[in-house]
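Take a look at the structure set out below.
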There are 2 protein chains.
Amino acid sequence: MASERRATTDPARSLAILWRTREPASRSAGPGLSVDRIVRAAIDIADTEGLDALTMRRVGEALGVGTMSVYTYVPGKAELVAVMIDSAYGEMPHPAVEGDWRARLERVARDNLALYQRHPWMLRAETTRPVLGPHLVAKYDRELSAVADIGLTDVEMDAVLTLVLGHVKSSARAASEVVDLERETGMTDGQWWQSHAPWLETFLTAGAYPTAARVGTAAGQQHGAAYGPEYAFEFGLQRVLDGISVVVAERATAG
Amino acid sequence: MASERRATTDPARSLAILWRTREPASRSAGPGLSVDRIVRAAIDIADTEGLDALTMRRVGEALGVGTMSVYTYVPGKAELVAVMIDSAYGEMPHPAVEGDWRARLERVARDNLALYQRHPWMLRAETTRPVLGPHLVAKYDRELSAVADIGLTDVEMDAVLTLVLGHVKSSARAASEVVDLERETGMTDGQWWQSHAPWLETFLTAGAYPTAARVGTAAGQQHGAAYGPEYAFEFGLQRVLDGISVVVAERATAG
DNA sequence: GCGGGCGACGTACGGCGTACGACCCGGTTG
DNA sequence: CAACCGGGTCGTACGCCGTACGTCGCCCGC
């Protein structure tokens with residue numbers, strides 16, 4: 001899938017579709033294809049069957065249309081994925097700005113986590129630079145307002161947002177991996193650790209890595225208790241917010 | 001590449017190679033293939049030509065060997081990538097534990113960043129749960145010692161490490177995207193922003209997203225100054241460490 | 001000296017993204 | 001009213017990919 005990278009390379013191609021420069025064809029009669037119908041179908045496939053199942057043939061099939069008909073509306077798979085991502089951003093809630101900055105940032109974090117939980121394929125599709133679609137820009141603007149007027153410079157505001165969203169994505173990825181593992185192996189994360197403990201013990205019993213073994217076991221048992229990733233998300237989020245509050249406090253006192 | 005996921009599913013297959021259960025064949029004569037030679041060749045390809053260029057055919061070719069010969073030593077591509085990753089972890093420095101916890105964690109972060117800069121393909125290959133290879137376990141043990149004995153519980157130690165490493169990976173990904181973009185388009189990040197500013201302005205001039213436009217421009221100019229991702233890394237790292245210091249201080253006073 | 005086993009690998013299959021050109025049909029023009 | 005033409009549709013085909021399978025030849029132990 002080298003092409004997914006090329007999409008980033010020629011932004012005009014992606015941007016034209018993202019911002020819907022083209023008018024709806026509406027020549028009626030035929031299957032009545034459209035970018036939106038294609039994107040909806042594609043998202044549906046990715047949601048329910050995973051990103052690997054998203055092929056152009058599969059999309060055409062889902063729409064009762066030939067594979068190549070899809071290419072009439074979308075220049076390639078990479079661009080389709082780009083529009084899917086932007087479209088997903090469009091479904092996010094637009095909460096009113098309320099509470100202090102910390103409550104607002106926390107809300108941003110939770111909304112993003114929920115998005116990734118609803119569309120786990122985004123975590124695997126967003127490996128490349130995000131394409132600047134309309135919904136992403138709107139989201140960026142909305143989320144910036146959570147950290148506006150608290151004394152940060154523009155660059156700091158951007159950095160704060162990047163930090164929080166990065167943490168969310170990391171946590172979401174970890175959580176998604178647990179879910180994947182359960183679906184694919186049919187065992188819970190706890191069962192997985194248990195069944196492979198003997199394997200690992202044969203390597204670790206030499207006592208070479210006592211700390212790793214002890215802490216790994218502790219963390220693994222958290223996973224067994226089925227709230228490992230959630231704990232990591234909550235713990236990390238509070239740490240990140242604590243760290244941000246240090247700068248905010250600095251700015252408040254120093255000027 | 002659905003197979004990359006399957007690797008995670010059957011860990012015995014990966015673990016056997018990772019921990020080198022098989023003895024070196026050493027029947028000499030022939031091309032003298034081995035897991036290590038294959039992994040070295042594969043890492044070399046991924047380093048210099050990118051992950052997309054890493055195909056089994058290409059690996060065989062680089063070793064002067066038929067494509068399928070590779071499969072004698074490695075069950076599949078997913079497992080090859082798993083060994084590549086663990087092998088890369090093996091090259092990391094083993095710094096002596098010195099300084100306070102903050103200095104030590106900072107060192108951990110910088111070492112990991114350097115690793116990702118040397119092997120950017122890891123950022124795209126590590127989408128799935130990391131496979132527990134020997135070098136990863138050693139790394140985990142080493143890095144845990146940076147946060148040992150400062151009053152944290154085992155689970156907290158794991159969470160702290162996860163948080164820091166997550167931030168490193170996010171930052172590294174952002175930085176890597178900038179590098180990719182430059183290599184592929186032949187223009188620097190600053191030039192890219194400039195050349196596409198008109199495009200974006202046509203959508204943003206409506207004044208719909210004033211904050212996004214202003215902050216985005218500010219952040220973009222940082223990128224133009226060629227230290228955007230570095231700034232995000234440094235800023236985020238200090239914030240994360242600040243946040244961690246809050247818990248550490250709590251534990252120190254409260255017991 | 002020889003048989004067995006294992007490393008090497010040629011061929012082939014199914015699936016992917018997508019280039020290309022043929023078809024079909026509605027709307028516009030003489 | 002007929003001729004045309006442009007755009008939506010799509011069947012075919014190409015060049016990739018990962019890899020299953022079967023064969024061949026060489027080295028080693030007897």
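Every chain in the structure tokens has a letter given in the order shown (A, B, ...), and although residue numbers restart at 1 in each chain, ligands are simply numbered from 1 in the order shown.
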
| task | Quick one: everything within 9 Å of stretch 14-29 of chain C, counting only C-alpha atoms (C1' of nucleotides), minus sequence neighbours fewer than 4 positions away in the same chain. Send it as a PyMOL selection string. | result | (chain A and resi 1+3+27+55-56+68+71+76-77) or (chain D and resi 3-5+9-11+13-14+16-17)

| request: Define the interface residues of chain B facing chain A as those within 8 Å, counting only C-alpha atoms, and report them as a PyMOL selection string. | output: chain B and resi 1-2+8-9+52+124+127-129+137-138+140-141+144-145+154-155+157-160+162-163+166-167+170+173-174+177+181+184-185+209-212+214-216+218-219+222+232+235-236+238-244+246

| remark: Taken to one decimal, the atom CA of A:Tyr116-atom CA of B:Glu79 distance is 27.3 Å

Hey, could you make a per-residue contact list for chain B against chain C with 8 Å as the cut-off, showing the nearest pair of atoms and its distance in Å to one decimal, counting only C-alpha atoms (C1' of nucleotides), sorted by chain and number, as a tab-separated table?
residue	atom	partner	partner_atom	distance
B:Gly66	CA	C:DC9	C1'	5.6
B:Thr67	CA	C:DC9	C1'	7.4
B:Met68	CA	C:DC9	C1'	6.0
B:Ser69	CA	C:DA8	C1'	5.7
B:Thr72	CA	C:DG7	C1'	7.4

| said: For the structure I just gave you, how does DSSP split stretch 10-252 of chain B - specifically, which residues are alpha helix (DSSP H)? Reply as a VMD selection string. | reply: chain B and resid 11 to 18 35 to 49 56 to 62 77 to 90 101 to 118 121 to 125 134 to 144 154 to 185 189 to 204 210 to 224 228 to 252

| note | For chain B, the closest of D:DG29, D:DC24, D:DG6, D:DT19 counting only C-alpha atoms (C1' of nucleotides) is D:DT19

| message | Using Å and a single decimal, report how far atom CA of A:Thr202 sits from atom CA of B:Ala41. | response | 29.8 Å

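Nearest to chain D of all the residues B:Pro120, B:Gly64, B:Gly151, B:Pro75 is B:Pro75, counting only C-alpha atoms (C1' of nucleotides).
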
Within 12 Å of chain B: each chain D residue with its shortest pair, only C-alpha atoms (C1' of nucleotides), as a tab-separated table:
residue	atom	partner	partner_atom	distance
D:DC16	C1'	B:Thr55	CA	10.4
D:DC17	C1'	B:Thr55	CA	7.9
D:DG18	C1'	B:Met56	CA	7.8
D:DT19	C1'	B:Gly76	CA	8.0
D:DA20	C1'	B:Met68	CA	10.5
D:DC21	C1'	B:Met68	CA	11.3
D:DG25	C1'	B:Gly30	CA	11.3
D:DC26	C1'	B:Ala29	CA	9.0
D:DC27	C1'	B:Arg27	CA	7.5
D:DC28	C1'	B:Arg27	CA	9.3

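In this model, the gap between atom CA of A:Arg102 and atom CA of B:Leu105 comes to 25.3 Å.
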